[in-house]
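Participant: Just dropping this structure here.
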Amino acid sequence: MKKYFAELVGTFFLVFFGVGTAVVAGDKVGIVGIALAFGLGLVAAAYGIGPISGCHINPAVSTGAWVAGRLKTVDLIGYWVGQFIGATLGAWVVYVIAKGVGGGYNLAASGLGQNGFGAGYQGGYNLTSAIVFEFVATMLFVIVILGSTQKAAPSGFAGLVIGLSLVAIHLLGIHITGTSVNPARSFGPAVFVGGVAIQQLWVFLLIPTLGGAMGGILFRLRALAVDQDAETLSAKPQAKPIRVTV
């Protein structure tokens with residue numbers, strides 16, 4: 001249960017910092033600031049709970065790890081539960097804070113950092129653009145995660161690399177869908193906003209999950225995973241070169 005609770009806490013981290021920045025300070029820090037908030041929130045969570053659960057804090061990432069054979073089915077379900085609860089709690093806390101602004105907070109008009117697409121949302125990109133972006137971005141994100149955490153990868157840097165990749169994904173995607181690549185992150189705010197956010201939620205639940213699964217398939221088929229022989233060889237201490245003095 002500690003792993004599942006860690007996923008709850010980590011997903012809360014991500015939504016609190018990322019969505020919170022978009023809601024409270026988005027007009028001041030802009031797209032770059034929001035992207036950094038999501039990425040740095042992930043880095044903080046990675047080093048805070050990573051040793052306990054691996055810090056997936058994203059159902060699509062857990063799905064990719066499960067498909068790749070790195071996560072048991074029972075843990076997949078437990079991670080999902082923790083992640084969705086954590087995201088919902090994070091969105092609720094952001095909403096409570098936002099309501100305290102002078103003059104009140106109009107949830108219907110200002111939203112809660114929810115994801116979306118189409119007329120009236122960000123750049124007005126259509127459903128096709130939303131689907132293509134969310135699928136490709138999530139697949140690439142999971143590739144970075146699975147690749148940087150395999151045995152042959154340099155140890156200790158995965159959290160930083162993964163966080164920076166999330167920054168890059170947000171820089172590209174905020175104007176398209178607000179950037180989900182994370183079904184739980186989309187679910188939390190949509191629960192409170194309702195309306196169109198709920199109607200469009202299926203895209204952000206389904207497409208990132210499929211993108212994550214595709215990333216997992218590439219590692220399951222060992223198309224991107226380091227060969228076992230290479231992993232074993234890299235783990236062995238290498239002989240020191242012989243120094244010859246002339």
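Each chain in the structure tokens gets a letter, A, B and so on, in the order shown; residues start at 1 in every chain, and ligands are counted from 1 in the order they appear.
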Could you give me the residues within stretch 52-223 of chain A that DSSP places in helix (DSSP H, G or I), as a ChimeraX atom specification?
Facilitator: /A:52-53,59-67,73-98,107-110,127-148,158-177,183-193,196-199,201-220
Participant: Might you pull out every residue within 10 Å of A:Gly78, with only C-alpha atoms counted and same-chain residues fewer than 2 positions away left off, and present them as a VMD selection string?
Facilitator: chain A and resid 1 3 to 5 7 to 8 72 to 76 80 to 83
Participant: Which residues are near A:Gly33? Cut-off 10 Å, only C-alpha atoms, ignore same chain within fewer than 4 positions. Put them as a PDB file with C-alpha atoms, in the first residue's frame.
Facilitator:
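File out-v9.pdb, as written:
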```pdb
ATOM      1  CA  GLY A  18       1.486  22.436 -12.594  1.00  0.00           C
ATOM      2  CA  THR A  21       0.615  27.623 -11.612  1.00  0.00           C
ATOM      3  CA  ALA A  22      -1.637  27.661 -14.680  1.00  0.00           C
ATOM      4  CA  ALA A  25      -0.160  32.668 -12.212  1.00  0.00           C
ATOM      5  CA  GLY A  26      -0.639  31.542 -15.807  1.00  0.00           C
ATOM      6  CA  ASP A  27      -1.262  35.081 -17.061  1.00  0.00           C
ATOM      7  CA  LYS A  28       1.984  36.218 -15.436  1.00  0.00           C
ATOM      8  CA  VAL A  29       4.433  33.398 -16.165  1.00  0.00           C
ATOM      9  CA  ALA A  37       6.067  24.210 -13.163  1.00  0.00           C
ATOM     10  CA  PHE A  38       4.941  20.831 -14.510  1.00  0.00           C
ATOM     11  CA  GLY A  39       8.504  19.696 -15.203  1.00  0.00           C
ATOM     12  CA  VAL A 167       8.872  20.723 -19.923  1.00  0.00           C
ATOM     13  CA  LEU A 171       6.118  23.968 -24.473  1.00  0.00           C
TER      14      LEU A 171
END
```
Participant: Report the closest atom pair, with its distance in Å rounded to one decimal, for each residue of stretch 19-137 of chain A that has an atom no farther than 10 Å from stretch 204-216 of chain A; count only C-alpha atoms, sort by chain and then rising residue number, and write it as a Markdown table.
Facilitator:
```
| residue | atom | partner | partner_atom | distance |
| --- | --- | --- | --- | --- |
| A:Asn58 | CA | A:Thr209 | CA | 9.4 |
| A:Pro59 | CA | A:Thr209 | CA | 7.0 |
| A:Ala60 | CA | A:Thr209 | CA | 4.4 |
| A:Val61 | CA | A:Gly212 | CA | 5.8 |
| A:Ser62 | CA | A:Gly212 | CA | 8.0 |
| A:Thr63 | CA | A:Ala213 | CA | 5.8 |
| A:Gly64 | CA | A:Gly216 | CA | 4.1 |
| A:Ala65 | CA | A:Gly216 | CA | 5.9 |
| A:Trp66 | CA | A:Gly216 | CA | 7.4 |
| A:Val67 | CA | A:Gly216 | CA | 5.1 |
| A:Ala68 | CA | A:Gly216 | CA | 4.5 |
| A:Gly69 | CA | A:Gly216 | CA | 8.2 |
| A:Arg70 | CA | A:Gly216 | CA | 9.3 |
| A:Asn115 | CA | A:Phe204 | CA | 7.7 |
| A:Gly116 | CA | A:Phe204 | CA | 8.4 |
| A:Ala130 | CA | A:Phe204 | CA | 9.0 |
| A:Ile131 | CA | A:Ile207 | CA | 6.4 |
| A:Val132 | CA | A:Ile207 | CA | 8.6 |
| A:Phe133 | CA | A:Ile207 | CA | 9.3 |
| A:Glu134 | CA | A:Pro208 | CA | 5.7 |
| A:Phe135 | CA | A:Gly211 | CA | 4.5 |
| A:Val136 | CA | A:Gly211 | CA | 6.3 |
| A:Ala137 | CA | A:Gly211 | CA | 7.6 |
```
Participant: Skip stretch 101-105 of chain A itself and residues of its chain fewer than 5 positions away, then list as a PyMOL selection string all residues within 12 Å of it, counting only C-alpha atoms.
Facilitator: chain A and resi 23-25+94-96+110-112
